[in-house]
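Report on the structure given below.
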Amino acid sequence: MISFPNAKINLGLNIIEKRSDGYHNITSCFYPVPINDVLEINLSDKLDFQVSGTPIPGNKNENLVIKAYKFLKKDFNLSNVAIHLHKNIPMEAGLGGGSSDGAFALKMLNEFFDLYLDDSVLEDYAGLLGSDCPFFIYNEPMLVGGRGEEMNAIKVDLKGYYICILKPQLSISTKDAYQGVKPAKPEHAIQSIIISKPVIEWKNFLKNDFEASMLEKYPELSRLKTSLYEMGAEYASLTGSGSAIYGLFSIKPILNKDITQNYFYWVGSL
């Protein structure tokens with residue numbers, strides 16, 4: 001069985017307040033984008049997990065794909081499987097690739113072993129993997145709150161737009177990103193901006209609260225955002241707390257050699 005876990009972008013991201021448990025309450029709109037990893041699962045004599053593509057640092061047994069299998073194994077009589085993950089979505093970029101891999105693994109195993117778990121149950125398992133994982137169970141535009149686990153469907157359709165994602169050779173840890181943010185209630189609610197204003201006006205209202213400090217600390221990110229607007233983007237933003245910048249275009253953008261030779265880039269239609 002093969003699936004293609006996809007990435008997400010954040011349409012706005014507001015850090016509302018710090019919680020007593022050390023996490024932060026946020027508001028954001030998660031929107032799926034078609035840049036994909038590849039995940040394959042087959043029966044095997046023993047549990048095996050292999051990774052190709054972009055190298056993943058750390059202990060592979062801590063990967064969310066394996067954790068997804070082990071969470072289900074605790075509650076169901078699962079046979080051993082061989083899992084192959086081909087990594088294409090950049091890591092530590094704010095694109096949710098690892099979270100997507102874990103959530104897609106849950107959905108695949110549910111189908112592979114005929115567990116017949118509905119999405120609400122899979123959402124609970126995904127929540128054990130991480131805050132962003134439940135979104136990928138549904139994989140449709142969602143207004144998220146809390147730590148990211150509170151979700152409500154939102155009507156936002158970017159079909160017909162092109163997206164360009166750029167990522168420099170730097171990684172931003174979540175801890176580093178939060179150190180530069182002062183939680184506060186936003187002047188304009190993300191939901192009302194997205195619903196009531198055209199994309200070309202978002203740049204004046206729709207903010208990612210991590211941007212101000214991250215673009216000042218990493219001038220390369222600021223230059224990439226400027227480049228996206230110079231190429232004709234109607235809206236450009238940091239996504240999540242990572243180091244990827246994306247732009248939304250009404251026509252397919254043409255990238256210059258500096259970008260194609262020096263950065264990870266991806267262009268596609270939504």
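Ordering of the structure tokens sets the chain letters (A, B, ...); residue numbers start at 1 within each chain; ligands are numbered from 1 in the order shown.
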
Near stretch 3-9 of chain A, 10 Å: stretch 152-268 of chain A residue rows, closest pairs, only C-alpha atoms, as a Markdown table:
```
| residue | atom | partner | partner_atom | distance |
| --- | --- | --- | --- | --- |
| A:Ile165 | CA | A:Ile9 | CA | 9.5 |
| A:Ser237 | CA | A:Ile9 | CA | 9.3 |
| A:Leu238 | CA | A:Ile9 | CA | 8.7 |
| A:Thr239 | CA | A:Ile9 | CA | 5.5 |
| A:Gly240 | CA | A:Ile9 | CA | 7.1 |
| A:Ala244 | CA | A:Ile9 | CA | 9.4 |
| A:Ile245 | CA | A:Ile9 | CA | 9.4 |
| A:Tyr246 | CA | A:Ile9 | CA | 8.1 |
```

Output N, CA and C atoms for every residue in the selection just made, as a PDB file, in the first residue's frame.
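The file below, part34.pdb, is the result:
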```pdb
ATOM      1  N   ILE A 165       7.239  27.747  -2.875  1.00  0.00           N
ATOM      2  CA  ILE A 165       7.817  27.559  -1.553  1.00  0.00           C
ATOM      3  C   ILE A 165       9.330  27.634  -1.669  1.00  0.00           C
ATOM      4  N   SER A 237       4.488  34.809   2.937  1.00  0.00           N
ATOM      5  CA  SER A 237       4.561  34.679   4.385  1.00  0.00           C
ATOM      6  C   SER A 237       5.474  33.535   4.788  1.00  0.00           C
ATOM      7  N   LEU A 238       6.043  33.663   5.983  1.00  0.00           N
ATOM      8  CA  LEU A 238       6.644  32.524   6.655  1.00  0.00           C
ATOM      9  C   LEU A 238       5.529  31.536   6.967  1.00  0.00           C
ATOM     10  N   THR A 239       5.835  30.245   6.922  1.00  0.00           N
ATOM     11  CA  THR A 239       4.834  29.252   7.305  1.00  0.00           C
ATOM     12  C   THR A 239       5.237  28.595   8.614  1.00  0.00           C
ATOM     13  N   GLY A 240       4.294  28.499   9.548  1.00  0.00           N
ATOM     14  CA  GLY A 240       4.583  27.906  10.844  1.00  0.00           C
ATOM     15  C   GLY A 240       5.691  28.666  11.544  1.00  0.00           C
ATOM     16  N   ALA A 244      10.678  28.069   5.988  1.00  0.00           N
ATOM     17  CA  ALA A 244      10.173  28.143   4.620  1.00  0.00           C
ATOM     18  C   ALA A 244       9.292  29.383   4.457  1.00  0.00           C
ATOM     19  N   ILE A 245       9.463  30.036   3.309  1.00  0.00           N
ATOM     20  CA  ILE A 245       8.652  31.184   2.920  1.00  0.00           C
ATOM     21  C   ILE A 245       7.847  30.779   1.687  1.00  0.00           C
ATOM     22  N   TYR A 246       6.577  31.138   1.655  1.00  0.00           N
ATOM     23  CA  TYR A 246       5.784  30.802   0.465  1.00  0.00           C
ATOM     24  C   TYR A 246       5.148  32.058  -0.103  1.00  0.00           C
TER      25      TYR A 246
END
```

> Near A:Phe112, counting only C-alpha atoms, which residues have an atom at most 12 Å away, once you skip same-chain residues fewer than 5 positions from it, shown as a PyMOL selection string?
Replying inline: chain A and resi 1-3+40-43+69+78-81+104-107+117

>> Residues near stretch 91-102 of chain A, anyone? I mean within 9 Å using only C-alpha atoms, not counting same-chain ones fewer than 3 positions away, as a ChimeraX atom specification.
In response: /A:4-10,33,36-39,54,56,63-69,85,87-88,105-107,126,129-137,167,170-174,238-245

>> Under the rule that only C-alpha atoms are counted, which of A:Lys18, A:His24, A:Lys225, A:Lys60 is the nearest residue to A:Pro168?
In response: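 Among A:Lys18, A:His24, A:Lys225, A:Lys60, it is A:Lys225 that comes nearest to A:Pro168.
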
>> Using only C-alpha atoms, which protein or nucleic acid residues come within 7 Å of A:Asn152? Drop anything in the same chain fewer than 4 positions from it, and give the result as a list of chain:residue names.
In response: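 Skipping anything fewer than 4 positions along the chain leaves A:Met142, A:Leu143, A:Val144.
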
Contact check, stretch 133-212 of chain A to stretch 250-254 of chain A, at most 12 Å, counting only C-alpha atoms, closest pairs as CSV:
```
residue,atom,partner,partner_atom,distance
A:Leu158,CA,A:Ser250,CA,9.7
A:Lys159,CA,A:Ser250,CA,9.9
A:Gly160,CA,A:Ser250,CA,7.1
A:Tyr161,CA,A:Ser250,CA,5.0
A:Tyr162,CA,A:Lys252,CA,5.8
A:Ile163,CA,A:Lys252,CA,8.1
A:Cys164,CA,A:Pro253,CA,7.6
A:Ile165,CA,A:Pro253,CA,11.1
A:Pro198,CA,A:Ser250,CA,11.9
A:Val199,CA,A:Ser250,CA,9.7
A:Ile200,CA,A:Ser250,CA,9.6
```

> as a list of chain:residue names, which residues of stretch 42-89 of chain A does DSSP assign to strand (DSSP E or B)?
Replying inline: A:Asn42, A:Leu43, A:Asp48, A:Phe49, A:Gln50, A:Val51, A:Ser52, A:Gly53, A:Val81, A:Ala82, A:Ile83, A:His84, A:Leu85, A:His86, A:Lys87

>> Can you pull out every residue from stretch 44-204 of chain A that DSSP, working from the backbone, puts in helix (DSSP H, G or I), and format the result as a PyMOL selection string?
In response: chain A and resi 60-62+64-75+97-112+119-129+133-138+174-179+190-196+199-204

> Quick one: of A:Lys175, A:Lys70, A:Lys182, A:Lys155, who's nearest to A:Leu128, counting only C-alpha atoms?
Replying inline: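 Result for the nearest residue to A:Leu128: A:Lys70.
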
>> Using only C-alpha atoms, can you tell me which of A:Asp209, A:Glu230, A:Glu123, A:Asp75 comes closest to A:Ser28?
In response: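 Among A:Asp209, A:Glu230, A:Glu123, A:Asp75, it is A:Asp209 that comes nearest to A:Ser28.
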
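Residue nearest A:Phe210 within the list A:Val51, A:Leu166, A:Ala177, A:Leu109: A:Ala177 [criterion: smallest interatomic distance, only C-alpha atoms].
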
>> What's around A:Glu140 at 9 Å? Count only C-alpha atoms, leave out sequence neighbours fewer than 4 positions away in its own chain, and write the answer as a ChimeraX atom specification.
In response: /A:30-32,135-136,153-154

So that I have them on file, write out the residues from the current selection with C-alpha atoms, as a JSON list (two decimals), in the first residue's frame.
```json
[["chain", "number", "residue", "atom", "x", "y", "z"],
["A", 30, "PHE", "CA", -3.87, 25.27, 8.05],
["A", 31, "TYR", "CA", -4.12, 24.73, 4.31],
["A", 32, "PRO", "CA", -2.92, 21.54, 2.55],
["A", 135, "PHE", "CA", -5.07, 18.20, 10.90],
["A", 136, "PHE", "CA", -3.72, 15.67, 8.41],
["A", 153, "ALA", "CA", -13.48, 23.64, 9.00],
["A", 154, "ILE", "CA", -13.18, 26.99, 7.26]]
```

> Out of A:Ile35, A:Ile194, A:Ile89, A:Val156, which residue has the shortest atom-to-atom distance to A:Ser269 when counting only C-alpha atoms?
Replying inline: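 So, comparing all the options, the nearest one is A:Ile35.
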
> Which is closest to A:Lys46 among A:Leu248, A:Ala82, A:Ile190, A:Leu255, if we use only C-alpha atoms?
Replying inline: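 When distances to A:Lys46 are compared using only C-alpha atoms, the smallest one comes from A:Ala82.
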
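Rounded to one decimal, atom CA of A:Arg19 and atom CA of A:Ala184 lie 12.5 Å from each other.
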
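Going from atom CA of A:Cys29 over to atom CA of A:Tyr263, you cover 26.0 Å.
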
> Can you tell me how far atom CA of A:Phe76 sits from atom CA of A:Asp118, in Å to one decimal?
Replying inline: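 It comes out at 14.9 Å.
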